[in-house]
Amino acid sequence: MTPSNSSPAGTPGTGKVMIRLENLSKRFPGQKTDAVSNLSLDIYEGEIVVLVGPSGCGKTTTMKMINRIVEPTSGRIILDGDDVTTTDPDALRRRIGYVIQQVGLFPHQTIGENVATVPKLLGWDKARVAARVDELLTMVNMAPETFRDRYPKQLSGGQRQRVGVARALGANPDVMLMDEPFGAIDPITRDRLQNEFLRLQREVRKTIVFVTHDIDEALKMGDRIAILQGPSQIAQYDTPEQILTAPASDFVSDFIGRGASLKRLDLSHVSDITLTQWPTVRVGADNAELLDVLRRSDKGAVLVLDDAGRPRRWVAPDDLDRHPGSPLDQIGLVPEAVVEPHATLSDALNELITARFSVSIVVDAHGVYQGVVDIDQITDAIRSMRAAAVARARARFTEDPAGTPVIGS
Amino acid sequence: MSTLVLTPERLAPEPLHAPRRSLAGYLAMPAILALVCLGLYLYVTAQQLDSIESRALTATALGTAVWQHLQLTAVSTVITLAIAVPLGVLLTRPFARRLRPYLLTLLTLAQAVPTIAVLVLLAVAFLFLGFQAAVVGLVLYAIIPVLLNTMVGLEQVDESVLEAGRGMGMSAFGVLRHLELPLSVPIILAGVRTALVINVGTATLTTYINAGGLGDVIVAGLSTNRVLVQVVGAVLTAVLALLIDYLAGLAEDFLRPTGL
Ligand SMILES: Nc1ncnc2c1ncn2[C@@H]1O[C@H](COP(=O)(O)OP(=O)(O)OP(=O)(O)O)[C@@H](O)[C@H]1O
Ligand SMILES: [Mg+2]
């Protein structure tokens with residue numbers, strides 16, 4: 001089967017295949033079965049591909065075959081069009097950034113020296129190395145003046161992880177391999193590092209192979225996710241949206257676990273859906289205008305906007321009766337459920353559940369009212385996402401009944 | 001590049017390691033040893049020495065003995081290192097994994113044979129006497145601790161550090177030179193210290209094969225039944241052993257890579 005070169009819409013990649021694994025197998029010496037068996041996978045340029053799956057399914061082994069820390073027993077590795085299956089491994093590895101779970105900083109070298117490892121191996125001159133080190137440390141949020149001359153022992157776990165990432169970016173490789181890079185870190189720091197990393201990736205646009213056993217991390221980090229099932233099977237290789245809405249098998253649904261639809265809400269944003277409008281008046285409006293607006297809608301209150309268009313109050317007819325003559329921005333309730341368009345549907349849902357009138361108010365970056373989201377819109381969104389995903393999966397299946405384009409035999 | 005906010009995670013660096021020792025700590029040992037020597041000198045000069053004693057205890061005789069002793073120790077230690085460290089490196093390479101248990105058994109057996117037996121064997125069986133024979137005996141004896149420490153030192157290096165090095169494209173030799181050896185320095189040095197101390201002690205035995213050293217003084221005292229001479233020889237040996245141990249300790253403190 002010929003792997004397709006097209007990258008489905010919605011992912012940031014260029015559609016060019018950066019890493020192609022062809023029928024890769026690995027059997028460790030003395031083992032009766034393959035750790036990885038006949039695996040084929042196309043990884044597109046500029047994407048984060050997450051290998052995820054239960055423990056022992058061969059994620060780490062697969063990843064380590066790409067830079068040949070583990071030499072494949074059979075199969076081919078094609079990096080950017082070159083067959084690197086049998087070329088000089090040291091040269092190959094200098095082209096590929098590598099972050100391992102235990103970070104593996106060199107304890108007897110300063111942070112600066114650690115980060116300079118690959119540039120030095122490539123024989124860069126001193127000034128260029130020094131400039132690069134500072135640049136990289138800044139990139140991962142570590143002030144060079146503060147950290148350059150410290151030793152790994154003097155850093156916190158999260159800081160070490162960042163240095164590990166900076167070191168892997170050393171000579172600006174096109175490809176990065178990361179094995180559970182945020183594994184052994186507390187959830188809060190991990191979340192922050194993930195966000196930092198995603199922001200960094202938006203700038204550097206590397207091709208990244210990312211290993212994790214945590215499906216939530218996979219959904220968050222991945223442009224595309226390969227769910228591995230045992231040594232010889234990719235259960236599904238697809239975008240997070242598609243995996244959540246159209247899991248390819250029971251194994252995938254089980255692996256995603258309960259709450260797939262809720263997780264799906266994490267992947268869509270308020271900006272993706274059409275907002276509904278709520279009756280509004282400006283702060284200066286009089287009672288008659290307010291009541292008129294209200295009468296023409298089916299709602300129980302009006303949203304009062306200030307002169308700049310920012311939501312100020314919910315005002316119901318009762319409030320007018322109770323505080324006759326008061327300015328509109330001093331009566332009623334302060335709106336609390338306010339989200340921006342880049343918020344996820346999950347955030348919006350979370351807000352609206354507890355909100356007055358069961359809506360989340362959407363404002364733009366300047367706080368100007370844009371519309372509201374209610375529960376019906378969210379259920380509609382879920383329904384249409386599912387329909388679209390099923391249609392996509394079906395289209396792909398009829399086009400190519402053997403499965404998705406990337407699964408090997 | 002992006003400008004990012006600095007996250008204030010523990011900004012103050014911890015000290016790298018507990019301060020090595022205080023200055024007084026460093027000076028204590030040499031001061032004690034100097035006092036012992038001074039005491040010995042005063043004691044000896046206060047004695048009425050007979051002709052045998054005064055011949056054995058001249059400054060030149062003692063100076064020569066100390067010098068020979070130092071030479072024996074230094075040469076045998078250098079040779080020990082030159083053999084044991086590379087051997088330790090070789091034996092920890094993957095291809096030597098299978099050979100290793102046999103070689104270690106052999107060397108441990110060799111070490112069980114007392115040095116004096118080795119020296120006598122060299123002298124009797126090979127008519128091999130003097131300085132060089134003594135060095136051979138000492139080296140055979142001191143190889144084991146250095147070899148074992150080298151191997152343990154290399155093997156305790158964190159596997160993830162080595163994998164990170166290899167994964168970034170360091171050659172096998174680069175990994176050895178820049179990661180494995182520096183990171184095992186503290187443990188290798190501990191082995192060297194052991195070897196030095198063993199060599200200072202056993203070098204007293206080499207007098208029996210004509211290699212000189214402080215053993216000459218002790219044996220001269222024994223054979224002529226002069227306790228004073230025996231005491232001077234023994235005390236000087238002890239002082240030398242403590243001094244060398246002290247110097248090796250200094251080396252350990254200062255050669256340990258920063259950051260460990
Ligand atoms: N060096 C090795 N020698 C022998 N077997 C190995 C070796 N490394 C891995 N294996 C085996 O290969 C299989 C796949 O291991 P791998 O480390 O790739 O799993 P993984 O998916 O990364 O799991 P985890 O999530 O636990 O890290 C496992 O069954 C493991 O026991
Ligand atoms: Mg793993």
# chains A, B, ... in the order shown; residues from 1 in each chain; ligands from 1
$ residues_near_ligand --ligand "ligand 2" --cutoff "7 Å" --atoms "only C-alpha atoms and all ligand atoms" --output "PyMOL selection string"
chain A and resi 56+59-60+179
$ closest_atom_pairs --of "stretch 87-122 of chain B" --to "stretch 201-213 of chain B" --cutoff "10 Å" --atoms "only C-alpha atoms" --output "Markdown table"
| residue | atom | partner | partner_atom | distance |
| --- | --- | --- | --- | --- |
| B:Pro114 | CA | B:Thr202 | CA | 9.9 |
| B:Thr115 | CA | B:Thr202 | CA | 7.4 |
| B:Ile116 | CA | B:Leu205 | CA | 6.7 |
| B:Leu119 | CA | B:Ile209 | CA | 7.0 |
| B:Val120 | CA | B:Ile209 | CA | 7.5 |
| B:Leu122 | CA | B:Ile209 | CA | 9.0 |
$ residues_near_ligand --ligand "ligand 1" --cutoff "10 Å" --atoms "only C-alpha atoms and all ligand atoms" --output "compact mmCIF listing (two decimals) with all heavy atoms, in the first residue's frame"
# COMPACT_ATOMS: atom_id res chain seq x y z
N LYS A 26 11.76 -4.67 15.44
CA LYS A 26 12.87 -4.83 16.38
C LYS A 26 12.60 -6.03 17.26
O LYS A 26 11.55 -6.14 17.89
CB LYS A 26 13.02 -3.59 17.26
CG LYS A 26 14.09 -3.73 18.33
CD LYS A 26 15.47 -3.85 17.71
CE LYS A 26 16.53 -4.18 18.74
NZ LYS A 26 17.87 -4.26 18.12
N ARG A 27 13.55 -6.94 17.27
CA ARG A 27 13.51 -8.02 18.25
C ARG A 27 14.77 -7.90 19.08
O ARG A 27 15.88 -7.92 18.53
CB ARG A 27 13.45 -9.38 17.56
CG ARG A 27 13.45 -10.53 18.58
CD ARG A 27 13.14 -11.84 17.95
NE ARG A 27 11.83 -11.81 17.28
CZ ARG A 27 11.24 -12.90 16.78
NH1 ARG A 27 11.82 -14.07 16.86
NH2 ARG A 27 10.08 -12.80 16.18
N PHE A 28 14.62 -7.72 20.37
CA PHE A 28 15.80 -7.61 21.23
C PHE A 28 16.45 -8.97 21.35
O PHE A 28 15.77 -9.99 21.31
CB PHE A 28 15.41 -7.07 22.60
CG PHE A 28 15.09 -5.61 22.58
CD1 PHE A 28 13.78 -5.17 22.60
CD2 PHE A 28 16.11 -4.66 22.51
CE1 PHE A 28 13.48 -3.82 22.56
CE2 PHE A 28 15.81 -3.31 22.47
CZ PHE A 28 14.50 -2.89 22.50
N PRO A 29 17.78 -8.99 21.48
CA PRO A 29 18.47 -10.27 21.57
C PRO A 29 17.90 -11.09 22.72
O PRO A 29 17.63 -10.56 23.80
CB PRO A 29 19.92 -9.89 21.87
CG PRO A 29 20.03 -8.42 21.63
CD PRO A 29 18.67 -7.85 21.60
N GLY A 30 17.69 -12.37 22.46
CA GLY A 30 17.21 -13.26 23.51
C GLY A 30 15.71 -13.21 23.73
O GLY A 30 15.19 -13.87 24.62
N GLN A 31 15.00 -12.41 22.92
CA GLN A 31 13.55 -12.34 23.09
C GLN A 31 12.89 -13.24 22.05
O GLN A 31 13.41 -13.41 20.95
CB GLN A 31 13.06 -10.90 22.89
CG GLN A 31 13.69 -9.91 23.83
CD GLN A 31 13.05 -9.95 25.20
OE1 GLN A 31 11.86 -9.79 25.35
NE2 GLN A 31 13.86 -10.20 26.21
N LYS A 32 11.71 -13.77 22.41
CA LYS A 32 11.01 -14.65 21.47
C LYS A 32 10.10 -13.88 20.55
O LYS A 32 9.72 -14.36 19.49
CB LYS A 32 10.20 -15.70 22.25
CG LYS A 32 11.08 -16.74 22.92
CD LYS A 32 10.28 -17.99 23.26
CE LYS A 32 11.18 -19.02 23.93
NZ LYS A 32 11.81 -18.50 25.17
N THR A 33 9.68 -12.69 20.98
CA THR A 33 8.76 -11.92 20.14
C THR A 33 9.36 -10.55 19.82
O THR A 33 10.27 -10.09 20.50
CB THR A 33 7.42 -11.71 20.85
OG1 THR A 33 7.71 -11.11 22.11
CG2 THR A 33 6.68 -13.01 21.05
N ASP A 34 8.81 -9.95 18.79
CA ASP A 34 9.25 -8.62 18.42
C ASP A 34 8.74 -7.59 19.42
O ASP A 34 7.60 -7.69 19.88
CB ASP A 34 8.70 -8.26 17.04
CG ASP A 34 9.37 -9.06 15.94
OD1 ASP A 34 10.42 -9.66 16.21
OD2 ASP A 34 8.84 -9.06 14.81
N ALA A 35 9.57 -6.61 19.74
CA ALA A 35 9.09 -5.49 20.56
C ALA A 35 8.30 -4.55 19.67
O ALA A 35 7.33 -3.93 20.09
CB ALA A 35 10.27 -4.77 21.20
N VAL A 36 8.76 -4.41 18.43
CA VAL A 36 8.02 -3.65 17.43
C VAL A 36 8.02 -4.52 16.20
O VAL A 36 9.04 -5.12 15.86
CB VAL A 36 8.71 -2.30 17.11
CG1 VAL A 36 8.03 -1.62 15.94
CG2 VAL A 36 8.70 -1.41 18.33
N LEU A 51 3.21 9.34 19.87
CA LEU A 51 3.04 7.90 19.97
C LEU A 51 2.50 7.62 21.36
O LEU A 51 3.12 7.97 22.36
CB LEU A 51 4.38 7.17 19.81
CG LEU A 51 5.19 7.45 18.54
CD1 LEU A 51 6.47 6.62 18.55
CD2 LEU A 51 4.37 7.14 17.31
N VAL A 52 1.34 7.01 21.40
CA VAL A 52 0.72 6.78 22.70
C VAL A 52 0.21 5.35 22.71
O VAL A 52 -0.06 4.76 21.67
CB VAL A 52 -0.41 7.82 22.95
CG1 VAL A 52 -1.56 7.63 22.00
CG2 VAL A 52 -0.88 7.79 24.39
N GLY A 53 0.14 4.77 23.90
CA GLY A 53 -0.34 3.39 23.98
C GLY A 53 0.01 2.84 25.34
O GLY A 53 0.73 3.47 26.11
N PRO A 54 -0.52 1.67 25.65
CA PRO A 54 -0.28 1.09 26.97
C PRO A 54 1.20 0.76 27.17
O PRO A 54 1.96 0.66 26.21
CB PRO A 54 -1.14 -0.17 26.97
CG PRO A 54 -1.45 -0.45 25.55
CD PRO A 54 -1.38 0.83 24.81
N SER A 55 1.58 0.60 28.41
CA SER A 55 2.97 0.33 28.74
C SER A 55 3.46 -0.94 28.03
O SER A 55 2.74 -1.93 27.95
CB SER A 55 3.09 0.14 30.25
OG SER A 55 4.44 0.04 30.60
N GLY A 56 4.67 -0.85 27.50
CA GLY A 56 5.26 -2.03 26.87
C GLY A 56 4.83 -2.26 25.43
O GLY A 56 5.20 -3.26 24.83
N CYS A 57 4.08 -1.32 24.84
CA CYS A 57 3.59 -1.55 23.48
C CYS A 57 4.64 -1.17 22.44
O CYS A 57 4.41 -1.34 21.25
CB CYS A 57 2.31 -0.79 23.25
SG CYS A 57 2.55 0.99 23.21
N GLY A 58 5.76 -0.65 22.86
CA GLY A 58 6.84 -0.40 21.91
C GLY A 58 7.01 1.05 21.49
O GLY A 58 7.68 1.33 20.51
N LYS A 59 6.46 1.98 22.25
CA LYS A 59 6.57 3.39 21.89
C LYS A 59 8.02 3.85 21.91
O LYS A 59 8.54 4.43 20.96
CB LYS A 59 5.78 4.26 22.89
CG LYS A 59 4.34 3.86 23.06
CD LYS A 59 3.63 4.75 24.07
CE LYS A 59 4.09 4.57 25.50
NZ LYS A 59 3.69 3.29 26.09
N THR A 60 8.67 3.59 23.07
CA THR A 60 10.06 4.02 23.22
C THR A 60 10.94 3.34 22.18
O THR A 60 11.79 3.99 21.56
CB THR A 60 10.54 3.68 24.64
OG1 THR A 60 9.70 4.36 25.56
CG2 THR A 60 11.97 4.10 24.85
N THR A 61 10.73 2.06 21.98
CA THR A 61 11.54 1.33 21.02
C THR A 61 11.37 1.93 19.62
O THR A 61 12.36 2.17 18.92
CB THR A 61 11.15 -0.16 21.00
OG1 THR A 61 11.17 -0.63 22.35
CG2 THR A 61 12.09 -0.98 20.17
N THR A 62 10.13 2.21 19.25
CA THR A 62 9.88 2.82 17.94
C THR A 62 10.63 4.14 17.82
O THR A 62 11.33 4.40 16.84
CB THR A 62 8.37 3.07 17.74
OG1 THR A 62 7.69 1.84 17.91
CG2 THR A 62 8.07 3.64 16.38
N MET A 63 10.50 4.98 18.85
CA MET A 63 11.14 6.28 18.78
C MET A 63 12.65 6.15 18.70
O MET A 63 13.29 6.85 17.91
CB MET A 63 10.74 7.10 20.00
CG MET A 63 11.07 8.55 19.84
SD MET A 63 11.13 9.37 21.41
CE MET A 63 12.72 8.81 21.95
N LYS A 64 13.21 5.24 19.49
CA LYS A 64 14.67 5.12 19.51
C LYS A 64 15.22 4.51 18.23
O LYS A 64 16.41 4.60 17.98
CB LYS A 64 15.10 4.28 20.71
CG LYS A 64 14.98 5.04 22.01
CD LYS A 64 15.54 4.23 23.14
CE LYS A 64 15.38 4.99 24.45
NZ LYS A 64 15.81 4.17 25.59
N MET A 65 14.35 3.87 17.45
CA MET A 65 14.84 3.37 16.17
C MET A 65 15.03 4.52 15.18
O MET A 65 15.80 4.40 14.24
CB MET A 65 13.90 2.30 15.60
CG MET A 65 14.10 0.95 16.29
SD MET A 65 13.34 -0.41 15.42
CE MET A 65 11.64 -0.22 15.85
N VAL A 70 18.35 2.42 19.20
CA VAL A 70 18.02 1.01 19.04
C VAL A 70 18.12 0.73 17.54
O VAL A 70 17.46 1.40 16.75
CB VAL A 70 16.60 0.71 19.54
CG1 VAL A 70 16.16 -0.69 19.15
CG2 VAL A 70 16.52 0.89 21.05
N GLN A 101 13.30 10.92 28.95
CA GLN A 101 12.46 11.14 30.12
C GLN A 101 13.26 11.57 31.35
O GLN A 101 12.89 12.47 32.06
CB GLN A 101 11.68 9.86 30.44
CG GLN A 101 10.87 10.00 31.72
CD GLN A 101 9.90 8.86 31.91
OE1 GLN A 101 9.81 7.96 31.09
NE2 GLN A 101 9.16 8.92 32.99
N ASP A 179 10.90 11.56 24.53
CA ASP A 179 10.30 10.42 25.22
C ASP A 179 9.78 10.88 26.58
O ASP A 179 10.57 11.17 27.48
CB ASP A 179 11.35 9.31 25.39
CG ASP A 179 10.71 8.00 25.86
OD1 ASP A 179 9.50 7.99 26.08
OD2 ASP A 179 11.45 7.01 25.97
N GLU A 180 8.51 10.94 26.72
CA GLU A 180 7.86 11.40 27.95
C GLU A 180 8.61 12.56 28.58
O GLU A 180 9.01 12.49 29.75
CB GLU A 180 7.75 10.23 28.95
CG GLU A 180 7.12 9.02 28.31
CD GLU A 180 6.33 8.16 29.27
OE1 GLU A 180 6.02 8.63 30.38
OE2 GLU A 180 6.00 7.03 28.90
N VAL A 211 6.61 10.85 22.69
CA VAL A 211 6.09 9.62 23.28
C VAL A 211 5.45 9.92 24.62
O VAL A 211 6.01 10.67 25.43
CB VAL A 211 7.23 8.59 23.47
CG1 VAL A 211 6.77 7.45 24.35
CG2 VAL A 211 7.69 8.06 22.13
N THR A 212 4.29 9.38 24.86
CA THR A 212 3.68 9.50 26.18
C THR A 212 2.75 8.30 26.38
O THR A 212 2.40 7.62 25.43
CB THR A 212 2.88 10.82 26.33
OG1 THR A 212 2.27 10.84 27.61
CG2 THR A 212 1.79 10.93 25.27
N HIS A 213 2.41 8.01 27.60
CA HIS A 213 1.40 6.97 27.81
C HIS A 213 0.09 7.61 28.26
O HIS A 213 -0.88 6.94 28.55
CB HIS A 213 1.89 5.94 28.82
CG HIS A 213 2.16 6.56 30.16
ND1 HIS A 213 3.41 6.97 30.54
CD2 HIS A 213 1.33 6.88 31.16
CE1 HIS A 213 3.33 7.52 31.73
NE2 HIS A 213 2.09 7.48 32.13
N ASP A 214 0.07 8.95 28.29
CA ASP A 214 -1.06 9.67 28.84
C ASP A 214 -1.89 10.24 27.68
O ASP A 214 -1.44 11.13 26.96
CB ASP A 214 -0.50 10.79 29.73
CG ASP A 214 -1.60 11.69 30.27
OD1 ASP A 214 -2.78 11.47 29.94
OD2 ASP A 214 -1.26 12.63 31.02
N LEU A 228 -0.73 3.10 19.58
CA LEU A 228 -0.10 1.80 19.36
C LEU A 228 -0.78 0.75 20.20
O LEU A 228 -1.10 0.98 21.37
CB LEU A 228 1.39 1.85 19.72
CG LEU A 228 2.34 2.23 18.59
CD1 LEU A 228 2.02 3.60 18.04
CD2 LEU A 228 3.78 2.21 19.08
N GLN A 229 -0.96 -0.40 19.58
CA GLN A 229 -1.65 -1.49 20.26
C GLN A 229 -0.75 -2.70 20.09
O GLN A 229 -0.73 -3.30 19.04
CB GLN A 229 -3.02 -1.70 19.59
CG GLN A 229 -3.78 -2.90 20.07
CD GLN A 229 -5.08 -3.04 19.27
OE1 GLN A 229 -5.30 -2.38 18.27
NE2 GLN A 229 -5.95 -3.92 19.73
N GLY A 230 -0.01 -3.03 21.11
CA GLY A 230 0.87 -4.19 20.99
C GLY A 230 1.97 -3.94 19.96
O GLY A 230 2.03 -2.87 19.37
N PRO A 231 2.81 -4.93 19.76
CA PRO A 231 4.00 -4.72 18.95
C PRO A 231 3.73 -4.53 17.47
O PRO A 231 4.53 -3.98 16.77
CB PRO A 231 4.81 -6.00 19.18
CG PRO A 231 3.82 -7.01 19.61
CD PRO A 231 2.75 -6.27 20.33
$ closest_atom_pairs --of "chain A" --to "chain B" --cutoff "7 Å" --atoms "only C-alpha atoms" --output "tab-separated table"
residue	atom	partner	partner_atom	distance
A:Ile69	CA	B:Gly167	CA	6.6
A:Asp90	CA	B:Gly169	CA	4.2
A:Ala91	CA	B:Gly169	CA	6.3
A:Arg93	CA	B:Gly169	CA	4.7
A:Arg94	CA	B:Gly169	CA	4.9
A:Gly97	CA	B:Met168	CA	6.8
A:Tyr98	CA	B:Gly167	CA	6.1
A:Ile100	CA	B:Ala164	CA	7.0
A:Gln102	CA	B:Ser160	CA	6.3
A:Gly104	CA	B:Val161	CA	4.2
A:Leu105	CA	B:Val161	CA	6.1
A:Phe106	CA	B:Val161	CA	6.0
A:Pro107	CA	B:Gly259	CA	5.7
A:His108	CA	B:Gly259	CA	4.8
A:Gln109	CA	B:Gly259	CA	6.9
A:Val118	CA	B:Met168	CA	6.4
A:Met139	CA	B:Ser2	CA	6.5
A:Asn141	CA	B:Leu6	CA	5.8
A:Met142	CA	B:Leu6	CA	6.6
A:Ala143	CA	B:Leu6	CA	6.9
A:Tyr151	CA	B:Gly259	CA	5.4
A:Lys153	CA	B:Gly259	CA	6.7
A:Gln154	CA	B:Pro13	CA	5.5
$ select_by_dssp --residues "stretch 13-223 of chain A" --states "strand (DSSP E)" --output "ChimeraX atom specification"
/A:17-26,36-44,48-52,74-79,82-83,96-99,175-179,207-212
$ residues_around --residues "A:Ala248" --least-positions-apart "3" --cutoff "12 Å" --atoms "only C-alpha atoms" --output "VMD selection string"
chain A and resid 226 to 227 234 to 239 242 to 245 251 to 256 389 to 390 392 to 394 396 to 397 403 to 404 407
$ write_last_selection --atoms "N, CA and C atoms" --output "mmCIF file, in the first residue's frame"
data_model
loop_
_atom_site.group_PDB
_atom_site.id
_atom_site.type_symbol
_atom_site.label_atom_id
_atom_site.label_comp_id
_atom_site.auth_asym_id
_atom_site.auth_seq_id
_atom_site.Cartn_x
_atom_site.Cartn_y
_atom_site.Cartn_z
ATOM 1 N N ALA A 226 -0.610 8.642 17.031
ATOM 2 C CA ALA A 226 -0.595 7.234 16.655
ATOM 3 C C ALA A 226 -0.850 6.429 17.916
ATOM 4 N N ILE A 227 -1.968 5.750 17.957
ATOM 5 C CA ILE A 227 -2.254 4.900 19.114
ATOM 6 C C ILE A 227 -1.716 3.516 18.806
ATOM 7 N N ILE A 234 -0.762 -0.382 14.690
ATOM 8 C CA ILE A 234 -1.164 0.972 15.013
ATOM 9 C C ILE A 234 -2.677 0.950 14.994
ATOM 10 N N ALA A 235 -3.288 1.154 16.153
ATOM 11 C CA ALA A 235 -4.740 1.048 16.213
ATOM 12 C C ALA A 235 -5.388 2.187 15.442
ATOM 13 N N GLN A 236 -4.778 3.363 15.515
ATOM 14 C CA GLN A 236 -5.302 4.494 14.751
ATOM 15 C C GLN A 236 -4.223 5.553 14.655
ATOM 16 N N TYR A 237 -4.134 6.174 13.499
ATOM 17 C CA TYR A 237 -3.178 7.279 13.319
ATOM 18 C C TYR A 237 -3.963 8.414 12.715
ATOM 19 N N ASP A 238 -4.227 9.425 13.528
ATOM 20 C CA ASP A 238 -5.157 10.447 13.077
ATOM 21 C C ASP A 238 -5.021 11.695 13.929
ATOM 22 N N THR A 239 -5.775 12.717 13.542
ATOM 23 C CA THR A 239 -5.768 13.934 14.342
ATOM 24 C C THR A 239 -6.535 13.683 15.640
ATOM 25 N N GLN A 242 -10.297 13.654 15.185
ATOM 26 C CA GLN A 242 -10.816 12.480 14.515
ATOM 27 C C GLN A 242 -10.784 11.270 15.445
ATOM 28 N N ILE A 243 -9.725 11.172 16.237
ATOM 29 C CA ILE A 243 -9.627 10.039 17.159
ATOM 30 C C ILE A 243 -10.742 10.094 18.203
ATOM 31 N N LEU A 244 -11.017 11.291 18.677
ATOM 32 C CA LEU A 244 -12.053 11.416 19.703
ATOM 33 C C LEU A 244 -13.443 11.191 19.132
ATOM 34 N N THR A 245 -13.690 11.699 17.939
ATOM 35 C CA THR A 245 -15.050 11.608 17.426
ATOM 36 C C THR A 245 -15.294 10.322 16.659
ATOM 37 N N PHE A 251 -10.612 -0.873 20.892
ATOM 38 C CA PHE A 251 -9.373 -0.629 21.632
ATOM 39 C C PHE A 251 -9.144 0.868 21.785
ATOM 40 N N VAL A 252 -9.333 1.598 20.701
ATOM 41 C CA VAL A 252 -9.122 3.051 20.757
ATOM 42 C C VAL A 252 -10.120 3.693 21.714
ATOM 43 N N SER A 253 -11.402 3.328 21.613
ATOM 44 C CA SER A 253 -12.384 3.936 22.530
ATOM 45 C C SER A 253 -12.030 3.630 23.965
ATOM 46 N N ASP A 254 -11.625 2.378 24.223
ATOM 47 C CA ASP A 254 -11.246 2.037 25.592
ATOM 48 C C ASP A 254 -10.055 2.853 26.032
ATOM 49 N N PHE A 255 -9.115 3.015 25.113
ATOM 50 C CA PHE A 255 -7.899 3.729 25.490
ATOM 51 C C PHE A 255 -8.185 5.199 25.769
ATOM 52 N N ILE A 256 -9.070 5.785 24.977
ATOM 53 C CA ILE A 256 -9.434 7.183 25.228
ATOM 54 C C ILE A 256 -10.125 7.286 26.576
ATOM 55 N N ALA A 389 -16.799 13.974 11.532
ATOM 56 C CA ALA A 389 -15.736 12.991 11.703
ATOM 57 C C ALA A 389 -16.139 11.639 11.139
ATOM 58 N N VAL A 390 -17.390 11.270 11.378
ATOM 59 C CA VAL A 390 -17.854 9.983 10.865
ATOM 60 C C VAL A 390 -17.841 10.015 9.338
ATOM 61 N N ARG A 392 -15.909 11.808 7.474
ATOM 62 C CA ARG A 392 -14.509 11.741 7.029
ATOM 63 C C ARG A 392 -13.994 10.316 7.097
ATOM 64 N N ALA A 393 -14.284 9.666 8.236
ATOM 65 C CA ALA A 393 -13.794 8.303 8.404
ATOM 66 C C ALA A 393 -14.398 7.389 7.348
ATOM 67 N N ARG A 394 -15.690 7.609 7.062
ATOM 68 C CA ARG A 394 -16.366 6.767 6.088
ATOM 69 C C ARG A 394 -15.791 7.014 4.700
ATOM 70 N N ARG A 396 -12.866 7.995 3.937
ATOM 71 C CA ARG A 396 -11.539 7.411 3.848
ATOM 72 C C ARG A 396 -11.625 5.889 3.698
ATOM 73 N N PHE A 397 -12.618 5.339 4.381
ATOM 74 C CA PHE A 397 -12.759 3.885 4.357
ATOM 75 C C PHE A 397 -13.184 3.400 2.966
ATOM 76 N N GLY A 403 -7.755 0.637 5.474
ATOM 77 C CA GLY A 403 -7.546 1.402 6.703
ATOM 78 C C GLY A 403 -7.086 2.803 6.367
ATOM 79 N N THR A 404 -6.634 3.525 7.338
ATOM 80 C CA THR A 404 -6.150 4.868 7.096
ATOM 81 C C THR A 404 -4.826 4.777 6.342
ATOM 82 N N ILE A 407 -1.343 3.186 8.010
ATOM 83 C CA ILE A 407 -1.145 1.927 8.713
ATOM 84 C C ILE A 407 -0.513 0.913 7.781
#
$ atom_distance --atom1 "atom CA of B:Val217" --atom2 "atom CA of B:Gln230"
6.8 Å
$ select_by_dssp --residues "stretch 15-56 of chain B" --states "alpha helix (DSSP H)" --output "count of residues only"
30
$ closest_residue --among "B:Asp216, B:Asp50, B:Glu155, B:Glu180" --to "B:Val66" --atoms "only C-alpha atoms"
B:Asp216
